[in-house]
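Report on the following structure.
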Amino acid sequence: MSAIAGHIDRVTVDSSHVDVLCDHCGLSVPRGLVEEGAAHQFCCHGCRTAYEIISSCDLQRYYDLRDADPSGNTRSKGTGARYAEFDDATFGDLYVRELPGSTRAVELFVEGVHCAACVWLVERLPRVVPGVVEARLEMRRAMVTLTWDPRRVTLSKIARTLDRLGYPPHIARDRNQRESRRIEDRAALIRIGIAGACAGNVMLLALALYAGLFDRIEPEYLLLFRWTSMLISAVSVLWPGSVFIRGAIAALRARVIQLDVPIALGLVAGLIWSVVSTFRGIGEVYFDSLSVLVFALLVGRFVQQRQQRWASDSLEMLYALTPSSARIWENGTTRDVPIEAIKRGDAVQVLAGECIPVDGVILKGETTVDQALLTGESMPIRVICGQEVAAGALNVSSEILVRVGATGEGTRVGKLMRLVEDAAQRRAPIVRLADAIAGRFVLAMICLATITVLLWWPTDPGKAIEHAAALLIVTCPCALGLATPLAVSVAIGRAARRGMLLKGGESLQALDRRGILLLDKTGTITEGRMRLLAWHGDASAKQLVSAIECSSSHPIARAIVDGIGNSEQTVAEAVVFVSSGASGTVSGHRVIVGSARHVRAGGVAEEPWIAEIERASTEDGHTPVLIAVDGKVVAVAVIGDAIRADASAAIEGLRSLGWRLGILSGDHPGAVAAVGRKLGIDPQHIYGGCDPEHKQRIVEQLSGHEPVVMVGDGVNDAAALASATVGIAVHGGAEASLSAADVYLGSPGLMPILDLLGASRRTMKVIRRNLFFSLSYNIFAAALAMTGILNPLIAAILMPASSLTVLASSLRVRTFGD
């Protein structure tokens with residue numbers, strides 16, 4: 001075996017290996033798990049278990065539905081958790097509802113829900129687990145409502161079945177808040193239903209009245225139709241339409257003019273005048289227009305509230321970041337309990353590969369922990385007995401015993417989530433364009449009505465009041481109220497088809513402006529995973545290294561094995577792993593793999609070129625791993641998080657749109673600076689080594705001067721995403737970043753950000769055009785009313801025509817390129 005100084009052997013893919021796809025999830029099956037001649041192949045035991053459950057219950061149609069999904073999303077794997085805490089009495093008191101018939105119900109968040117096939121499979125749970133009465137899955141929030149008979153099956157067994165199917169469940173907290181929101185939504189739908197029924201019936205009566213304009217109608221029928229229309233319209237305006245009247249009163253008390261004020265003014269004025277005309281038996285009535293107005297405006301209001309509710313609902317998923325249970329250690333034995341049952345001072349056991357459930361101090365053991373959730377640091381760190389660990393960190397290598405210092409909201413990740421919620425509530429709302437012009441609109445309506453009275457009073461006082469009332473009715477801003485919700489709803493729907501999920505129209509309005517756009521490094525600019533970027537030195541050492549590292553779960557070890565491939569050689573001696581490397585004997589060769597300090601500690605000889613490569617790799621923000629064989633360093637593996645292929649082009653495109661760029665990362669400052677240099681980003685706007693709280697402070701400071709857009713993917717970005725003018729979570733991000741962000745981009749890379757910014761410009765153009773159409777209509781209708789030309793028939797034609805114009809305008813433009 002010889003070492004060739006300066007030789008660079010780039011990582012290549014073995015072309016002789018043909019990918020075998022898993023029959024359950026569709027991912028590649030590792031070579032070591034391929035079963036020659038088997039009818040079905042699986043990438044892991046979890047997929048095999050899920051496939052067997054689905055097949056045994058005759059639910060194979062799931063795979064047909066999944067394959068028909070154009071998104072190509074794959075589901076998450078099962079965790080193998082026991083969920084014993086779901087049967088604990090504390091859990092039942094907090095989250096389970098007792099139902100009639102000795103059944104119970106609970107709401108759980110589930111991971112891995114991507115498409116209609118997932119909904120179909122989860123809702124067939126009663127066929128899989130006897131004792132489950134019903135399973136209803138809400139796809140948008142990934143929340144399943146389970147009803148089961150506790151005499152026949154335990155909740156933990158149901159949870160384990162969901163987990164084995166690939167949908168790990170989590171506790172859904174804030175049950176009372178969700179129930180109150182359901183009541184509000186139900187009340188809103190009832191109002192819409194009543195308004196729709198009233199509008200339909202009044203329109204039928206109006207057809208008879210309008211027919212009487214062209215042919216004589218009997219007086220008794222005229223009175224009947226007018227009085228019936230009055231009663232139905234009064235119900236519409238005073239019951240479902242009262243939300244606008246109450247909103248206007250509240251706005252006037254707060255000395256603020258918003259869109260409810262002109263709406264309420266037009267509705268009340270129209271109803272009063274029409275009622276007076278009905279009692280007098282003379283004059284025009286506008287009952288049909290009023291009823292249709294109430295219905296259309298309630299629909300627009302409901303659409304808008306649902307968009308806002310989505311942003312609020314998504315914060316619930318934040319609390320699924322840390323485990324819902326812990327393994328408490330007492331007198332040498334362990335038992336699983338809900339996290340709410342853990343007290344300060346208890347001892348909990350955390351196995352390798354598990355998430356740490358509490359903040360505390362290590363009582364026994366040492367390990368390597370991945371704190372990327374909290375810090376964004378891409379490299380795991382070593383911790384020993386007596387050192388502190390935080391909830392949400394991943395225990396990578398060894399079992400530890402932790403003395404509990406804080407749980408739940410008292411942990412650092414709990415406080416971080418509280419920062420996210422506080423920032424979301426504290427963020428100043430972006431004023432909608434319709435509300436911005438509402439004050440001027442009200443003033444214009446009142447002035448024009450006054451002018452109409454003054455012009456017609458000398459001629460006919462009755463006509464003066466009638467024309468003024470007609471003006472207030474026809475200028476009631478129905479189209480103005482629909483202009484923004486319609487355009488935003490169409491844009492959000494089209495964005496969803498492109499894999500972009502927007503929580504509301506405010507983000508589209510904010511992205512139309514210019515400011516600074518801050519990018520997280522790990523997982524946003526870079527791919528977010530360790531890779532073998534280069535191999536310097538003796539290529540024949542690759543298989544030796546793979547044999548040493550193949551049984552390690554350390555991220556660097558996995559990157560080396562993935563880059564080299566599995567070794568067919570066997571390890572002669574048991575491999576020894578420490579936090580900084582590994583060693584063992586392969587085919588008679590003594591092999592040491594690890595950091596420079598770990599390798600040099602054994603007195604291993606080193607060539608001069610090794611130090612040069614090591615220094616250059618460190619300056620580029622990468623990690624050099626030295627490989628020593630039989631007492632001599634023969635190669636260096638360069639491990640790093642590669643910059644995304646589209647990063648340079650995307651950043652240039654963002655600059656061309658007028659945005660200033662920056663990097664805001666928790667990774668090592670040197671690594672962040674190296675990435676910034678490669679992409680040509682101004683060093684003044686490169687921030688490295690930032691913890692979540694520091695990130696939030698930087699975003700808040702910059703937000704005081706200009707719009708700030710934060711783009712990230714991790715939990716450590718959540719507070720900054722919530723504090724920014726617009727937060728954007730990128731493909732593959734953690735649940736907390738998705739919950740805190742205003743926009744989620746379902747496609748990998750940075751180019752979708754360019755698409756989003758272009759679409760926001762086009763959407764805002766549509767909104768401005770809709771507002772122009774609605775204002776033009778109001779000016780035209782006001783002119784007809786002031787001149788006395790307007791009558792109920794013309795009003796009944798013009799008012800829906802304006803709304804249809806706004807609808808056509810919203811549907812016509814391809815805001816998201818579809």
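Here, A, B, ... name the chains of the structure tokens in the order displayed, residue numbers run from 1 inside each chain, and ligands are numbered from 1 in the same displayed order.
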- prompt: Which residues, written as number ranges by chain, have at least one atom at most 12 Å from Pro477 of chain A, with only C-alpha atoms counted and residues fewer than 3 positions away on the same chain left out?
  reply: A: 258-267, 290, 293-294, 296-297, 434-435, 437-438, 441-442, 445, 471-474, 480-483, 771, 773-779, 781-782, 799-800, 802-803
- prompt: Hey, what's within 10 Å of Gly365 of chain A if we count only C-alpha atoms and toss same-chain stuff fewer than 6 positions away? As a VMD selection string, please?
  reply: chain A and resid 383 to 386 398 to 402
Would you save the residues of that selection, restricted to N, CA and C atoms, as a short mmCIF file (atom, residue, chain, number, x, y, z; two decimals), in the first residue's frame?
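Listed below is the output, part-v6.cif:
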```cif
data_model
loop_
_atom_site.label_atom_id
_atom_site.label_comp_id
_atom_site.auth_asym_id
_atom_site.auth_seq_id
_atom_site.Cartn_x
_atom_site.Cartn_y
_atom_site.Cartn_z
N VAL A 383 -19.87 15.45 25.26
CA VAL A 383 -20.22 15.87 26.61
C VAL A 383 -19.91 14.73 27.57
N ILE A 384 -19.51 15.08 28.79
CA ILE A 384 -19.11 14.09 29.78
C ILE A 384 -19.90 14.29 31.07
N CYS A 385 -19.68 13.42 32.02
CA CYS A 385 -20.38 13.48 33.29
C CYS A 385 -20.16 14.84 33.95
N GLY A 386 -21.25 15.46 34.42
CA GLY A 386 -21.18 16.77 35.06
C GLY A 386 -21.51 17.92 34.14
N SER A 398 -23.88 7.22 22.92
CA SER A 398 -23.86 6.32 24.08
C SER A 398 -25.01 6.63 25.03
N GLU A 399 -25.34 5.62 25.86
CA GLU A 399 -26.37 5.80 26.88
C GLU A 399 -25.88 6.73 27.98
N ILE A 400 -26.76 7.61 28.47
CA ILE A 400 -26.42 8.52 29.56
C ILE A 400 -27.58 8.57 30.55
N LEU A 401 -27.25 8.99 31.77
CA LEU A 401 -28.24 9.21 32.82
C LEU A 401 -28.21 10.70 33.15
N VAL A 402 -29.37 11.36 33.11
CA VAL A 402 -29.44 12.82 33.25
C VAL A 402 -30.27 13.19 34.47
#
```
field: Near-segment 521-530 of chain A list (6 Å; only C-alpha atoms; drop same-chain fewer than 3 positions) as a list in words
entry: Ala559, Gly640, Asp641, Ala642, Ile643, Arg644, Ser665 and Gly712 of chain A
With N, CA and C atoms retained, export the selected residues as a PDB file, in the first residue's frame.
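Printed below is again_4.pdb as written:
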```pdb
ATOM      1  N   ALA A 559     -21.258   9.885   6.670  1.00  0.00           N
ATOM      2  CA  ALA A 559     -20.881  10.577   5.436  1.00  0.00           C
ATOM      3  C   ALA A 559     -19.779   9.817   4.708  1.00  0.00           C
ATOM      4  N   GLY A 640     -17.753  17.745   4.557  1.00  0.00           N
ATOM      5  CA  GLY A 640     -18.361  19.072   4.649  1.00  0.00           C
ATOM      6  C   GLY A 640     -19.800  19.071   4.187  1.00  0.00           C
ATOM      7  N   ASP A 641     -20.419  20.185   4.415  1.00  0.00           N
ATOM      8  CA  ASP A 641     -21.803  20.414   3.989  1.00  0.00           C
ATOM      9  C   ASP A 641     -21.736  21.236   2.708  1.00  0.00           C
ATOM     10  N   ALA A 642     -21.957  20.602   1.569  1.00  0.00           N
ATOM     11  CA  ALA A 642     -21.749  21.245   0.274  1.00  0.00           C
ATOM     12  C   ALA A 642     -22.767  22.348   0.011  1.00  0.00           C
ATOM     13  N   ILE A 643     -22.311  23.422  -0.646  1.00  0.00           N
ATOM     14  CA  ILE A 643     -23.208  24.507  -1.062  1.00  0.00           C
ATOM     15  C   ILE A 643     -24.129  23.993  -2.163  1.00  0.00           C
ATOM     16  N   ARG A 644     -25.396  24.370  -2.090  1.00  0.00           N
ATOM     17  CA  ARG A 644     -26.355  23.929  -3.101  1.00  0.00           C
ATOM     18  C   ARG A 644     -25.939  24.397  -4.488  1.00  0.00           C
ATOM     19  N   SER A 665     -26.303  32.595  10.801  1.00  0.00           N
ATOM     20  CA  SER A 665     -26.131  31.169  11.065  1.00  0.00           C
ATOM     21  C   SER A 665     -25.597  30.925  12.467  1.00  0.00           C
ATOM     22  N   GLY A 712     -34.808  30.098   6.491  1.00  0.00           N
ATOM     23  CA  GLY A 712     -34.133  29.095   7.301  1.00  0.00           C
ATOM     24  C   GLY A 712     -34.859  27.775   7.265  1.00  0.00           C
TER      25      GLY A 712
END
```
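Closest approach to Gly746 of chain A among A:Gly563, A:Gly493, A:Gly499, A:Gly676 is made by A:Gly499 (distances from only C-alpha atoms).
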message: If we count only C-alpha atoms and set the cut-off at 6 Å, which residues sit around Tyr51 of chain A, ignoring sequence neighbours fewer than 3 positions away in its own chain? Please answer as a PyMOL selection string.
response: chain A and resi 24+48+54
Serialized selection, C-alpha atoms, as a JSON list (two decimals), in the first residue's frame:
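Contents of again-v4.json, as written:
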```
[["chain", "number", "residue", "atom", "x", "y", "z"],
["A", 24, "HIS", "CA", -43.19, 0.39, 0.64],
["A", 48, "ARG", "CA", -41.25, -4.30, 5.97],
["A", 54, "ILE", "CA", -51.15, -2.95, 5.03]]
```
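Among the candidates A:Val369, A:Ala81, A:Leu784, A:Leu519, the residue lying nearest to Val675 of chain A is A:Leu519 (atoms considered: only C-alpha atoms).
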query: Leaving out Val119 of chain A and any residue of its chain fewer than 5 positions from it, which residues lie within 9 Å of it when counting only C-alpha atoms, given as an NGL selection string?
result: :A and (113-114 or 124 or 136-139)
Need the shell around Asp742 of chain A: protein/DNA/RNA residues with any atom at most 8 Å away, counting only C-alpha atoms. Skip same-chain ones fewer than 4 positions apart. Format as a PDB file with C-alpha atoms, in the first residue's frame?
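The result, written out as out13.pdb:
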```
ATOM      1  CA  ALA A 311     -50.816  30.766  10.612  1.00  0.00           C
ATOM      2  CA  LEU A 502     -48.427  30.602   2.154  1.00  0.00           C
ATOM      3  CA  LYS A 503     -50.202  31.272   5.433  1.00  0.00           C
ATOM      4  CA  GLY A 504     -51.724  34.576   4.353  1.00  0.00           C
ATOM      5  CA  SER A 507     -46.470  37.956   3.187  1.00  0.00           C
ATOM      6  CA  ALA A 722     -41.281  34.639  13.503  1.00  0.00           C
ATOM      7  CA  VAL A 726     -41.557  37.572   6.319  1.00  0.00           C
ATOM      8  CA  GLY A 727     -40.186  34.210   7.409  1.00  0.00           C
ATOM      9  CA  ILE A 728     -39.536  31.579   4.730  1.00  0.00           C
ATOM     10  CA  ALA A 729     -38.931  27.920   5.625  1.00  0.00           C
TER      11      ALA A 729
END
```
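Here the question is which of A:Ala142, A:Ile639, A:Cys447, A:Ile556 gets nearest to Ile381 of chain A using only C-alpha atoms, and that residue is A:Ile556.
Atom CA of Arg216 of chain A is positioned 19.1 Å from atom CA of Ser229 of chain A.
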- prompt: Which residues, written as a PyMOL selection string, have at least one atom at most 12 Å from Arg769 of chain A, with only C-alpha atoms counted and residues fewer than 2 positions away on the same chain left out?
  reply: chain A and resi 433+479-480+483-484+487+762-767+771-776+805-810+812-813
